[in-house]
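**Student:** Enclosed is the structure file entry_2.cif (mmCIF, C-alpha atoms).
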```cif
data_final
#
loop_
_atom_site.label_atom_id
_atom_site.label_comp_id
_atom_site.auth_asym_id
_atom_site.auth_seq_id
_atom_site.Cartn_x
_atom_site.Cartn_y
_atom_site.Cartn_z
CA MET A 16 48.90 98.36 110.88
CA HIS A 17 49.93 95.30 112.81
CA ARG A 18 51.34 93.73 109.63
CA TRP A 19 53.29 96.91 108.85
CA ARG A 20 54.80 96.94 112.31
CA SER A 21 55.67 93.27 112.08
CA GLY A 22 57.28 93.81 108.69
CA ALA A 23 59.24 96.83 109.92
CA ALA A 24 60.40 94.90 112.97
CA ALA A 25 61.51 92.00 110.77
CA LEU A 26 63.39 94.40 108.46
CA ALA A 27 65.08 96.04 111.43
CA VAL A 28 66.16 92.63 112.70
CA ARG A 29 67.57 91.73 109.27
CA LEU A 30 69.41 95.04 108.94
CA ASP A 31 70.83 94.65 112.41
CA ALA A 32 71.99 91.13 111.59
CA ALA A 33 73.51 92.35 108.31
CA GLY A 34 75.25 95.18 110.16
CA ARG A 35 76.73 92.78 112.68
CA ALA A 36 77.86 90.47 109.88
CA GLY A 37 79.46 93.44 108.06
CA ALA A 38 81.21 94.51 111.24
CA ARG A 39 82.59 90.99 111.69
CA VAL A 40 83.87 90.98 108.11
CA ALA A 41 85.43 94.43 108.59
CA ARG A 42 87.19 93.24 111.73
CA ARG A 43 88.67 90.33 109.79
CA VAL A 44 90.13 92.66 107.16
CA PRO A 45 93.66 93.70 108.19
CA ALA A 46 93.66 97.31 109.40
CA PRO A 47 95.78 98.78 106.58
CA TRP A 48 93.57 97.19 103.92
CA ALA A 49 90.36 98.56 105.42
CA TYR A 50 91.79 102.09 105.45
CA VAL A 51 93.50 101.78 102.06
CA ILE A 52 90.45 100.37 100.29
CA GLY A 53 88.26 103.08 101.78
CA LEU A 54 90.70 105.77 100.65
CA PHE A 55 90.94 104.26 97.16
CA LEU A 56 87.17 103.97 96.72
CA GLY A 57 86.60 107.46 98.12
CA ALA A 58 89.07 109.00 95.65
CA LYS A 59 87.59 106.99 92.80
CA LEU A 60 84.01 108.04 93.59
CA LEU A 61 84.79 111.73 94.15
CA LEU A 62 86.90 112.13 91.02
CA THR A 63 84.39 110.25 88.86
CA LEU A 64 81.49 112.40 90.05
CA LEU A 65 83.50 115.62 89.68
CA GLY A 66 84.66 114.58 86.24
CA LEU A 67 81.15 113.87 84.98
CA LEU A 68 79.81 117.13 86.42
CA VAL A 69 82.59 119.20 84.85
CA LEU A 70 82.25 117.57 81.44
CA HIS A 71 78.49 118.06 81.52
CA ALA A 72 78.95 121.73 82.40
CA TRP A 73 81.39 122.21 79.50
CA ASP A 74 79.23 120.55 76.87
CA GLY A 75 78.40 123.08 74.19
CA VAL A 76 80.66 125.83 75.56
CA PRO A 77 82.04 127.83 72.59
CA GLY A 78 85.70 127.05 71.93
CA ALA A 79 85.66 123.77 73.84
CA PRO A 80 87.54 121.73 73.02
CA PRO A 81 90.31 123.98 71.65
CA PRO A 82 91.45 123.05 68.11
CA ASP A 83 94.65 121.34 69.31
CA GLU A 84 92.62 119.06 71.61
CA ALA A 85 89.83 118.15 69.13
CA LEU A 86 91.60 115.04 67.80
CA MET A 87 92.20 113.72 71.30
CA TRP A 88 88.54 114.29 72.17
CA ALA A 89 87.47 112.30 69.08
CA GLN A 90 89.84 109.47 70.05
CA GLN A 91 88.37 109.39 73.54
CA ARG A 92 84.88 108.93 72.09
CA GLU A 93 86.17 105.99 70.03
CA ILE A 94 87.52 104.28 73.14
CA SER A 95 84.25 104.27 75.05
CA GLY A 96 80.85 105.88 75.05
CA HIS A 97 81.06 106.01 78.84
CA ARG A 98 82.69 109.30 79.71
CA TRP A 99 83.80 108.13 83.16
CA ILE A 100 86.05 105.69 81.26
CA SER A 101 87.09 107.74 78.25
CA PHE A 102 88.21 110.89 80.11
CA TRP A 103 91.07 108.90 81.66
CA PHE A 104 92.73 108.66 78.24
CA ALA A 105 94.75 111.65 77.07
CA TRP A 106 97.78 111.98 74.79
CA ASP A 107 100.30 109.46 76.18
CA GLY A 108 97.45 107.23 77.36
CA LEU A 109 96.27 106.96 73.76
CA LEU A 110 99.81 106.06 72.67
CA TYR A 111 100.01 103.34 75.33
CA LEU A 112 96.75 101.93 74.02
CA ARG A 113 98.19 101.86 70.50
CA LEU A 114 101.35 100.10 71.74
CA SER A 115 99.23 97.49 73.50
CA GLU A 116 97.45 96.70 70.23
CA LEU A 117 100.32 96.73 67.72
CA PRO A 118 101.01 93.27 66.25
CA LEU A 119 104.22 91.71 67.50
CA THR A 120 105.03 90.40 64.03
CA GLY A 121 106.38 92.63 61.31
CA PRO A 122 108.44 95.83 61.65
CA TRP A 123 108.38 97.79 64.90
CA ARG A 124 108.99 101.52 64.80
CA ASP A 125 107.58 102.74 68.15
CA PHE A 126 110.54 102.98 70.51
CA GLY A 127 109.66 106.23 72.31
CA PHE A 128 108.14 104.56 75.38
CA PRO A 129 109.29 101.74 77.70
CA LEU A 130 106.96 98.81 77.14
CA LEU A 131 106.10 97.24 80.51
CA TYR A 132 102.79 99.06 80.94
CA PRO A 133 101.34 98.54 77.43
CA PHE A 134 102.67 94.98 77.25
CA LEU A 135 100.97 94.09 80.54
CA ALA A 136 97.70 95.20 78.92
CA ARG A 137 97.97 92.45 76.32
CA PRO A 138 97.31 89.45 78.64
CA VAL A 139 94.96 91.45 80.86
CA GLY A 140 93.05 92.64 77.79
CA ALA A 141 92.75 89.05 76.57
CA LEU A 142 91.11 88.15 79.89
CA LEU A 143 88.73 91.09 79.40
CA GLY A 144 87.57 89.98 75.98
CA GLY A 145 90.16 91.91 74.00
CA ASP A 146 89.42 95.30 75.58
CA ASN A 147 92.95 96.68 76.01
CA ALA A 148 91.68 100.13 76.94
CA LEU A 149 89.87 98.69 79.94
CA ALA A 150 92.95 96.58 80.68
CA LEU A 151 95.14 99.69 80.92
CA LEU A 152 92.73 101.24 83.43
CA VAL A 153 92.54 98.01 85.44
CA ILE A 154 96.33 97.85 85.65
CA SER A 155 96.58 101.51 86.69
CA ASN A 156 93.93 101.21 89.38
CA VAL A 157 95.16 97.91 90.82
CA ALA A 158 98.67 99.41 90.92
CA PHE A 159 97.23 102.50 92.63
CA LEU A 160 95.57 100.37 95.31
CA LEU A 161 98.75 98.37 95.88
CA ALA A 162 100.78 101.59 95.98
CA LEU A 163 98.58 102.84 98.82
CA TRP A 164 99.09 99.59 100.75
CA TYR A 165 102.86 99.64 100.27
CA GLY A 166 102.91 103.33 101.11
CA TYR A 167 101.07 102.68 104.37
CA ARG A 168 103.48 99.90 105.32
CA LEU A 169 106.58 101.88 104.36
CA ALA A 170 105.37 104.91 106.32
CA GLU A 171 104.85 102.73 109.40
CA VAL A 172 108.54 101.80 109.18
CA LEU A 173 109.82 105.32 108.51
CA LEU A 174 107.41 107.43 110.59
CA GLY A 175 106.85 104.98 113.41
CA ASP A 176 103.09 104.80 114.01
CA ALA A 177 99.76 104.07 112.34
CA PRO A 178 98.37 107.66 112.47
CA ALA A 179 101.42 108.94 110.58
CA ALA A 180 101.09 106.10 108.08
CA ARG A 181 97.46 107.06 107.47
CA ARG A 182 98.48 110.70 106.93
CA PHE A 183 101.17 109.68 104.45
CA THR A 184 98.74 107.52 102.49
CA ARG A 185 96.14 110.29 102.45
CA TYR A 186 98.68 112.86 101.25
CA LEU A 187 99.79 110.44 98.54
CA VAL A 188 96.20 110.54 97.27
CA LEU A 189 96.09 114.34 97.63
CA LEU A 190 99.31 115.26 95.82
CA PRO A 191 98.51 117.92 93.19
CA THR A 192 98.29 115.56 90.20
CA ALA A 193 97.47 112.34 92.07
CA PHE A 194 94.32 111.93 90.00
CA LEU A 195 96.69 110.64 87.31
CA PHE A 196 97.12 107.47 89.38
CA GLN A 197 93.74 106.47 87.98
CA ALA A 198 94.50 107.42 84.36
CA ALA A 199 95.84 105.25 81.54
CA LEU A 200 99.41 106.30 82.33
CA THR A 201 102.46 104.73 83.95
CA GLU A 202 102.43 106.81 87.16
CA SER A 203 100.60 104.35 89.40
CA LEU A 204 102.59 101.35 88.17
CA PHE A 205 105.91 103.16 88.60
CA VAL A 206 105.12 104.50 92.08
CA CYS A 207 103.73 101.13 93.16
CA LEU A 208 106.92 99.34 92.12
CA ALA A 209 109.10 102.04 93.72
CA LEU A 210 107.23 101.91 97.05
CA ALA A 211 107.29 98.11 97.02
CA ALA A 212 111.03 98.07 96.31
CA PHE A 213 111.78 100.46 99.19
CA TYR A 214 109.47 98.60 101.57
CA HIS A 215 111.15 95.26 100.90
CA ALA A 216 114.57 96.93 101.05
CA GLU A 217 113.73 98.16 104.56
CA ARG A 218 112.84 94.54 105.40
CA ARG A 219 116.16 93.37 103.89
CA GLN A 220 114.46 91.20 101.26
CA TRP A 221 116.96 92.06 98.57
CA LEU A 222 116.14 89.37 96.03
CA LEU A 223 112.55 90.61 95.94
CA VAL A 224 113.87 94.18 95.69
CA GLY A 225 115.88 93.17 92.64
CA VAL A 226 112.90 91.55 90.92
CA LEU A 227 110.73 94.60 91.59
CA GLY A 228 113.55 96.87 90.45
CA TYR A 229 113.89 94.95 87.20
CA PHE A 230 110.28 95.77 86.31
CA LEU A 231 110.67 99.29 87.69
CA ALA A 232 113.45 99.94 85.16
CA LEU A 233 111.24 98.49 82.41
CA SER A 234 108.38 100.82 83.30
CA ARG A 235 110.17 104.18 82.88
CA SER A 236 113.69 105.19 81.97
CA VAL A 237 114.30 106.93 85.30
CA GLY A 238 113.63 103.60 87.05
CA LEU A 239 117.20 102.55 86.32
CA LEU A 240 118.48 105.34 88.61
CA VAL A 241 116.50 104.06 91.61
CA ALA A 242 119.35 101.58 92.12
CA LEU A 243 121.30 104.44 93.78
CA PRO A 244 118.87 105.28 96.62
CA LEU A 245 118.18 101.58 97.17
CA ALA A 246 121.94 101.06 97.57
CA LEU A 247 121.92 103.84 100.17
CA VAL A 248 119.31 101.87 102.16
CA LEU A 249 121.71 98.92 102.11
CA LEU A 250 124.62 101.09 103.30
CA ARG A 251 122.54 102.57 106.12
CA GLN A 252 121.50 99.11 107.32
CA HIS A 253 125.20 98.29 107.75
CA ASP A 254 126.15 101.58 109.43
CA TRP A 255 127.79 103.03 106.32
CA ARG A 256 130.82 100.77 106.72
CA LEU A 257 133.39 100.87 103.92
CA GLY A 258 136.48 98.89 103.10
CA PRO A 259 137.25 95.74 101.09
CA ARG A 260 135.50 93.32 103.45
CA ALA A 261 132.45 95.57 103.76
CA LEU A 262 132.23 95.98 99.99
CA LEU A 263 132.33 92.22 99.52
CA GLY A 264 129.52 91.93 102.04
CA TYR A 265 127.47 94.53 100.21
CA LEU A 266 127.99 92.66 96.95
CA ARG A 267 126.97 89.35 98.54
CA ILE A 268 123.78 90.84 99.98
CA GLY A 269 122.90 93.53 97.48
CA TRP A 270 123.76 91.86 94.17
CA PRO A 271 120.04 91.80 93.19
CA LEU A 272 120.31 95.58 92.65
CA LEU A 273 122.11 94.69 89.43
CA LEU A 274 118.70 93.59 88.15
CA LEU A 275 117.72 97.27 87.78
CA PRO A 276 120.25 97.98 85.01
CA ALA A 277 119.38 94.54 83.63
CA GLY A 278 115.77 95.69 83.29
CA TRP A 279 116.73 98.67 81.18
CA PHE A 280 119.21 96.58 79.21
CA THR A 281 116.31 94.25 78.37
CA PHE A 282 114.48 97.15 76.76
CA MET A 283 117.65 98.19 74.91
CA ALA A 284 117.97 94.61 73.64
CA PHE A 285 114.38 94.79 72.38
CA CYS A 286 115.26 98.03 70.57
CA ARG A 287 118.27 96.32 68.98
CA TRP A 288 116.26 93.24 68.05
CA ARG A 289 113.30 95.04 66.48
CA GLY A 290 114.94 98.26 65.30
CA GLY A 291 118.61 97.47 64.82
CA ASP A 292 119.62 100.21 67.26
CA TRP A 293 120.51 99.74 70.93
CA PHE A 294 119.69 103.43 71.52
CA ALA A 295 116.47 103.58 69.52
CA TYR A 296 114.63 104.90 72.62
CA GLN A 297 117.00 107.84 72.99
CA HIS A 298 116.92 108.63 69.29
CA ALA A 299 113.11 108.44 69.18
CA GLN A 300 112.93 110.89 72.09
CA GLN A 301 115.31 113.29 70.37
CA VAL A 302 113.68 113.15 66.92
CA GLY A 303 110.06 112.92 68.01
CA TRP A 304 110.01 115.44 70.87
CA GLY A 305 113.37 117.23 70.81
CA ILE A 306 114.31 115.87 74.24
CA GLU A 307 117.94 116.43 75.15
CA VAL A 308 119.79 117.06 78.40
CA GLN A 309 119.65 120.80 79.15
CA ASN A 310 120.07 123.33 81.91
CA PRO A 311 116.62 124.26 83.33
CA VAL A 312 117.77 127.50 84.99
CA PRO A 313 117.39 129.79 81.92
CA VAL A 314 113.71 128.82 81.70
CA LEU A 315 113.06 130.72 84.93
CA PHE A 316 114.31 133.93 83.35
CA ALA A 317 113.78 133.65 79.59
CA GLY A 318 111.36 130.77 79.02
CA GLU A 319 107.62 130.80 78.43
CA PRO A 320 105.61 131.83 81.52
CA ARG A 321 103.83 128.46 81.71
CA ASP A 322 107.13 126.58 81.58
CA ALA A 323 108.63 128.89 84.20
CA GLY A 324 105.62 128.23 86.44
CA ARG A 325 106.08 124.47 86.15
CA VAL A 326 109.81 124.74 86.87
CA LEU A 327 109.05 126.86 89.94
CA PHE A 328 106.65 124.16 91.08
CA ALA A 329 109.47 121.62 90.74
CA VAL A 330 111.79 123.90 92.73
CA ALA A 331 109.14 124.06 95.46
CA VAL A 332 109.06 120.26 95.57
CA LEU A 333 112.85 120.20 95.94
CA ALA A 334 112.61 122.76 98.75
CA VAL A 335 110.10 120.61 100.66
CA LEU A 336 112.29 117.53 100.23
CA VAL A 337 115.40 119.31 101.51
CA ALA A 338 113.58 121.06 104.36
CA GLY A 339 112.17 117.77 105.59
CA PHE A 340 115.45 115.86 105.28
CA ARG A 341 116.53 113.52 108.07
CA ARG A 342 119.78 111.58 108.01
CA ARG A 343 118.04 108.22 108.28
CA GLU A 344 116.02 109.09 105.17
CA LEU A 345 118.95 110.06 102.91
CA ALA A 346 117.92 107.38 100.41
CA TYR A 347 114.46 108.94 100.09
CA LEU A 348 115.87 112.43 99.67
CA VAL A 349 118.13 111.18 96.87
CA TYR A 350 115.23 109.35 95.24
CA GLY A 351 113.01 112.43 95.41
CA VAL A 352 115.72 114.70 94.01
CA LEU A 353 116.28 112.30 91.12
CA MET A 354 112.56 112.27 90.32
CA VAL A 355 112.62 116.07 90.09
CA VAL A 356 116.02 116.79 88.54
CA VAL A 357 115.87 114.19 85.75
CA PRO A 358 112.72 115.58 84.05
CA LEU A 359 113.95 119.13 84.71
CA SER A 360 117.14 118.34 82.80
CA MET A 361 115.24 117.17 79.70
CA GLY A 362 114.32 120.67 78.59
CA PRO A 363 111.14 122.54 77.60
CA ALA A 364 109.87 119.65 75.47
CA VAL A 365 109.20 117.77 78.71
CA TYR A 366 108.01 120.69 80.84
CA ARG A 367 104.42 120.45 79.66
CA SER A 368 104.40 117.04 81.44
CA LEU A 369 106.48 118.18 84.39
CA LEU A 370 103.58 118.24 86.88
CA ARG A 371 102.86 114.66 85.91
CA TYR A 372 106.45 113.47 86.31
CA LEU A 373 106.76 115.10 89.73
CA LEU A 374 104.10 112.70 90.99
CA ALA A 375 106.80 110.02 91.23
CA ALA A 376 108.47 112.00 94.08
CA PHE A 377 106.45 110.26 96.82
CA PRO A 378 108.87 111.28 99.64
CA VAL A 379 107.16 114.70 99.54
CA ALA A 380 104.17 113.00 101.17
CA LEU A 381 106.47 111.61 103.89
CA VAL A 382 107.62 115.13 104.73
CA LEU A 383 104.05 116.45 104.76
CA ALA A 384 102.89 113.60 106.99
CA ARG A 385 105.58 114.47 109.53
CA TRP A 386 104.83 118.19 109.41
CA ALA A 387 101.10 117.56 109.90
CA ARG A 388 101.29 115.80 113.28
CA HIS A 389 99.24 118.65 114.74
CA ALA A 390 95.55 118.17 113.89
CA GLY A 391 95.05 121.79 112.85
CA VAL A 392 97.95 121.68 110.40
CA ASP A 393 96.65 118.39 109.04
CA VAL A 394 93.19 119.83 108.35
CA TRP A 395 94.47 122.93 106.58
CA LEU A 396 97.05 121.04 104.56
CA THR A 397 94.47 118.45 103.50
CA ALA A 398 92.03 121.17 102.42
CA MET A 399 94.71 123.09 100.49
CA LEU A 400 95.92 120.01 98.63
CA ALA A 401 92.35 119.00 97.80
CA VAL A 402 91.66 122.43 96.27
CA VAL A 403 94.89 122.39 94.24
CA GLN A 404 94.26 118.88 92.94
CA GLY A 405 90.63 119.69 92.14
CA THR A 406 91.71 122.73 90.13
CA LEU A 407 94.28 120.76 88.14
CA PHE A 408 91.76 117.97 87.57
CA VAL A 409 89.31 120.46 86.10
CA LEU A 410 92.05 121.71 83.76
CA TRP A 411 92.71 118.10 82.75
CA LEU A 412 89.04 117.58 81.94
CA THR A 413 88.29 120.86 80.19
CA TYR A 414 90.61 120.13 77.31
CA TRP A 415 93.68 121.98 78.55
CA THR A 416 95.41 118.70 79.31
CA HIS A 417 98.76 120.07 78.11
CA MET A 418 98.91 121.97 81.39
CA ILE A 419 99.38 118.54 83.01
CA ILE A 420 100.64 116.05 80.42
#
```
Show the structure stored in the file as C-alpha cells.
**Tutor:**
Amino acid sequence: MHRWRSGAAALAVRLDAAGRAGARVARRVPAPWAYVIGLFLGAKLLLTLLGLLVLHAWDGVPGAPPPDEALMWAQQREISGHRWISFWFAWDGLLYLRLSELPLTGPWRDFGFPLLYPFLARPVGALLGGDNALALLVISNVAFLLALWYGYRLAEVLLGDAPAARRFTRYLVLLPTAFLFQAALTESLFVCLALAAFYHAERRQWLLVGVLGYFLALSRSVGLLVALPLALVLLRQHDWRLGPRALLGYLRIGWPLLLLPAGWFTFMAFCRWRGGDWFAYQHAQQVGWGIEVQNPVPVLFAGEPRDAGRVLFAVAVLAVLVAGFRRRELAYLVYGVLMVVVPLSMGPAVYRSLLRYLLAAFPVALVLARWARHAGVDVWLTAMLAVVQGTLFVLWLTYWTHMII
C-alpha cells in the first residue's frame, strides 16, 4: 500500500511538472497560433471521426454508391486503403492527382485546370517518397492552417479586436462547405493566397502582395480578377485621390498588382508552349464541360430544381455581403461579389460545383463575425452553421458528391 501511494505521488508530481512545462510552452506560442492550431486540429478531428462513422454506416446499404459514383469510389480505394485519406478525393481531386503525375515530356493535352496546385504536389510528393496523393492533402491542409492565421490577422485589422478575429476565424471554418478546405482541391490554397494578399495590402507591403497575387492567378482563373479589389485597397489608403499626380503615385506604389495578370499570362504561355493555343484553357472548358458565359437568372425560373437551389444559395450569399457592407470594406464587397458572380455566369455546367466555388467568398465570414457580437447570436449562428456543414459533409461522403462538386 505504501509503495502504491509513493508511486501515485510520484506520478502526480510528474504530471504536475509536465502540465507546468506544457503551460510554459503554450504561453510562448503567439496567441493567434494557439487559437488557430486548436481550431484547425478540432475541425480535422471532428470531420475525420464523422466521416469514418458515416462511411461505416453506409457500408452495404443497397444502391450505395449510385452507378454514376461507382468509378470514383473505385479510384478512391486505389489511392489509399485508409478511408480517412481516400474520402478526401472526389472528381476534381482525382484529376489534380492525375495532373501531378503526368510526365512533363511528350505531348500535353490537359489544359482544363490551372496548374499551381498539382505542380506543387510534384516536389512535395518527391519529399514524401513519391506519394503525390498525400502531397496534395499536405498542401491543402497546410494552406488551410495558414489561411486561418492570415484570416485572424486580417480580421484584427478590419474588425478591431481579438474576440472579433476569433469569431471570423471560427466562421471561416464553419462556412457551409468549409470541409473542402481539407480535401484534395484548390479551395484552401486559393483562399490562403487571397487572405494573405489582402492582409499584406492592408500593411502596404505591395511587392509581397504582387508575388502572392501572381500565384493566386496561377491557382484559379478567377484569381486574375482579385487585382481589382486589391487596387481598391490602395485607393482607400490614399483617400480615393484622383488626378495625374495621384495616378502616377498609385503606379509607383501599386505596380506589383501587374503581377496578377502576369500570373495568368504565365499559364497562357504554358498552354501556347505545350498545346499551340494561347486559349487552350478556355477551349478545354468549353469542349469538355460546355462552360460559357451565360445569364443565371433563367435558372431560377426554368432550370432544374437542384440548380435553382444552388443559385438561390448564391443569391443569399450576395444578400449577406451587401447587407453587411461598410464603406471602408468596399474592396472586400467587390471581392466577394466577384467570387459569386463569376461562377454564376458560367452556366449550369458549373452549378453542380457552385457550393464549392462560393467558399472563396470569405468576406461573408467577416459580416457574420460583426453580426455575432452578442453572445446569444454567436451561439445560435455557430450551431446553425455546424448543422448545415455537417449535412453537406454527409452528402459529400454518401456518394452524392455532385451536390457539392
**Student:** Quick one: everything within 12 Å of Val172 (chain A), counting only C-alpha atoms, minus sequence neighbours fewer than 2 positions away in the same chain. Send it as a VMD selection string.
**Tutor:** chain A and resid 165 to 170 174 to 177 179 to 180 183 213 to 218 343 to 344 381
**Student:** From the options A:Gln309, A:Gln197, A:Thr406, A:Asn156, which residue's atoms come nearest to Val365 (chain A), counting only C-alpha atoms?
**Tutor:**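 Ranking A:Gln309, A:Gln197, A:Thr406, A:Asn156 by distance to Val365 (chain A), first place goes to A:Gln309.
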**Student:** So the first atom is CA of Leu130 (chain A) and the second is CA of Cys207 (chain A); what is the distance between them in Å, to one decimal place?
**Tutor:** 16.5 Å
**Student:** Tell me which of A:Pro122, A:Gly127, A:Pro276, A:Gly66 sits closest to Leu110 (chain A), counting all atoms listed in the file.
**Tutor:** A:Gly127
**Student:** Tell me which protein, DNA and RNA residues are within 10 Å of region 187-193 of chain A, counting all atoms listed in the file, leaving out same-chain ones fewer than 5 positions away, and put them as number ranges by chain.
**Tutor:** A: 54-55, 58, 159, 162-163, 166-167, 181-182, 198, 202-203, 370-381, 383-384, 396-408, 411, 419
**Student:** Report the residues retrieved by the PyMOL selection byres ((chain A and resi 132) around 10) from the displayed file, expressed as a list in words.
**Tutor:**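 So the PyMOL selection byres ((chain A and resi 132) around 10), applied here, picks out Tyr111, Leu112, Leu114, Ser115, Phe128, Pro129, Leu130, Leu131, Pro133, Phe134, Leu135, Ala136, Arg137, Leu151, Ile154, Ser155, Ala199, Leu200, Thr201, Glu202, Leu204, Phe205, Phe230, Leu233, Ser234 and Arg235 of chain A.
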**Student:** From the options A:Ser368, A:Thr413, A:Thr281, A:Gln220, which residue's atoms come nearest to Trp293 (chain A), counting only C-alpha atoms?
**Tutor:**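 Ranked by minimum distance to Trp293 (chain A), first place goes to A:Thr281.
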**Student:** Please provide as a list in words all residues within 8 Å of Leu333 (chain A), with the sequence filter that same-chain residues fewer than 2 positions apart are discarded (counting only C-alpha atoms).
**Tutor:** Ala329, Val330, Ala331, Val335, Leu336, Val337, Gly351, Val352 and Val355 of chain A
**Student:** With the file shown as input, list the residues that the PyMOL selection byres ((chain A and resi 279) around 8) selects, as an MDAnalysis selection string.
**Tutor:** chainID A and resid 229 232:233 236 239 275:278 280:283
**Student:** Which is closer to Leu195 (chain A) than all the others in A:Asp107, A:Asp146, A:Asp322, A:Asp125, using only C-alpha atoms?
**Tutor:** A:Asp107
**Student:** Counting all atoms listed in the file, which residues come within 12 Å of (115.4, 128.6, 83.5), with the point read in the file's coordinates, and could you list them as a list in words?
**Tutor:** Gln309, Asn310, Pro311, Val312, Pro313, Val314, Leu315, Phe316, Ala317, Gly318, Glu319, Pro320, Arg321, Asp322, Ala323, Gly324, Arg325, Val326, Leu327, Ala329, Val330, Leu359, Ser360, Gly362, Pro363 and Tyr366 of chain A
**Student:** What does the structure give for the distance between CA of Ala390 (chain A) and CA of Pro178 (chain A), in Å to one decimal?
**Tutor:**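 Rounded to one decimal, the two atoms are 11.0 Å apart.
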**Student:** Just the number, please: distance in Å from CA of Leu65 (chain A) to CA of Ile100 (chain A), one decimal.
**Tutor:**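 Computing the Euclidean distance for CA of Leu65 (chain A) and CA of Ile100 (chain A) yields 13.3 Å.
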**Student:** Find, counting all atoms listed in the file, the residue in A:Arg124, A:Arg385, A:His253, A:Arg342 that gets nearest to Gly291 (chain A).
**Tutor:**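 Ranking A:Arg124, A:Arg385, A:His253, A:Arg342 by distance to Gly291 (chain A), first place goes to A:Arg124.
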**Student:** In terms of the shortest atom-to-atom distance over all atoms listed in the file, which of A:Leu109, A:Leu231, A:Leu149, A:Leu210 is closest to Ser95 (chain A)?
**Tutor:**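 Going through A:Leu109, A:Leu231, A:Leu149, A:Leu210 one by one, the smallest distance to Ser95 (chain A) is for A:Leu149.
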**Student:** Would you place a box with edges along x, y and z of the file around all atoms of region 320-335 of chain A listed there, add 8 Å to each of its six sides, and report the centre and edge lengths in Å to one decimal, as AutoDock Vina command-line options?
**Tutor:**
```
--center_x 108.3 --center_y 126.0 --center_z 91.1 --size_x 25.0 --size_y 27.6 --size_z 35.1
```
**Student:** Skip Leu243 (chain A) itself and residues of its chain fewer than 2 positions away, then list as a PDB file with C-alpha atoms, in the frame of the given file all residues within 12 Å of it, counting all atoms listed in the file.
**Tutor:**
```pdb
ATOM      1  CA  PHE A 213     111.780 100.460  99.190  1.00  0.00           C
ATOM      2  CA  GLY A 228     113.550  96.870  90.450  1.00  0.00           C
ATOM      3  CA  VAL A 237     114.300 106.930  85.300  1.00  0.00           C
ATOM      4  CA  GLY A 238     113.630 103.600  87.050  1.00  0.00           C
ATOM      5  CA  LEU A 239     117.200 102.550  86.320  1.00  0.00           C
ATOM      6  CA  LEU A 240     118.480 105.340  88.610  1.00  0.00           C
ATOM      7  CA  VAL A 241     116.500 104.060  91.610  1.00  0.00           C
ATOM      8  CA  LEU A 245     118.180 101.580  97.170  1.00  0.00           C
ATOM      9  CA  ALA A 246     121.940 101.060  97.570  1.00  0.00           C
ATOM     10  CA  LEU A 247     121.920 103.840 100.170  1.00  0.00           C
ATOM     11  CA  VAL A 248     119.310 101.870 102.160  1.00  0.00           C
ATOM     12  CA  LEU A 249     121.710  98.920 102.110  1.00  0.00           C
ATOM     13  CA  LEU A 250     124.620 101.090 103.300  1.00  0.00           C
ATOM     14  CA  GLY A 269     122.900  93.530  97.480  1.00  0.00           C
ATOM     15  CA  LEU A 272     120.310  95.580  92.650  1.00  0.00           C
ATOM     16  CA  LEU A 273     122.110  94.690  89.430  1.00  0.00           C
ATOM     17  CA  LEU A 275     117.720  97.270  87.780  1.00  0.00           C
ATOM     18  CA  PRO A 276     120.250  97.980  85.010  1.00  0.00           C
ATOM     19  CA  LEU A 345     118.950 110.060 102.910  1.00  0.00           C
ATOM     20  CA  ALA A 346     117.920 107.380 100.410  1.00  0.00           C
ATOM     21  CA  TYR A 347     114.460 108.940 100.090  1.00  0.00           C
ATOM     22  CA  LEU A 348     115.870 112.430  99.670  1.00  0.00           C
ATOM     23  CA  VAL A 349     118.130 111.180  96.870  1.00  0.00           C
ATOM     24  CA  TYR A 350     115.230 109.350  95.240  1.00  0.00           C
ATOM     25  CA  GLY A 351     113.010 112.430  95.410  1.00  0.00           C
ATOM     26  CA  VAL A 352     115.720 114.700  94.010  1.00  0.00           C
ATOM     27  CA  LEU A 353     116.280 112.300  91.120  1.00  0.00           C
TER      28      LEU A 353
END
```
**Student:** Starting from the shown file, work through the PyMOL selection byres ((chain A and resi 101) around 10) and note down what comes out as a compact mmCIF listing (two decimals) with C-alpha atoms, in the coordinates of the input.
**Tutor:**
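Now in expr.txt:
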```txt
# COMPACT_ATOMS: atom_id res chain seq x y z
CA TRP A 88 88.54 114.29 72.17
CA GLN A 90 89.84 109.47 70.05
CA GLN A 91 88.37 109.39 73.54
CA ARG A 92 84.88 108.93 72.09
CA GLU A 93 86.17 105.99 70.03
CA ILE A 94 87.52 104.28 73.14
CA SER A 95 84.25 104.27 75.05
CA GLY A 96 80.85 105.88 75.05
CA HIS A 97 81.06 106.01 78.84
CA ARG A 98 82.69 109.30 79.71
CA TRP A 99 83.80 108.13 83.16
CA ILE A 100 86.05 105.69 81.26
CA PHE A 102 88.21 110.89 80.11
CA TRP A 103 91.07 108.90 81.66
CA PHE A 104 92.73 108.66 78.24
CA ALA A 105 94.75 111.65 77.07
CA ALA A 148 91.68 100.13 76.94
CA LEU A 149 89.87 98.69 79.94
CA ALA A 198 94.50 107.42 84.36
CA ALA A 199 95.84 105.25 81.54
```
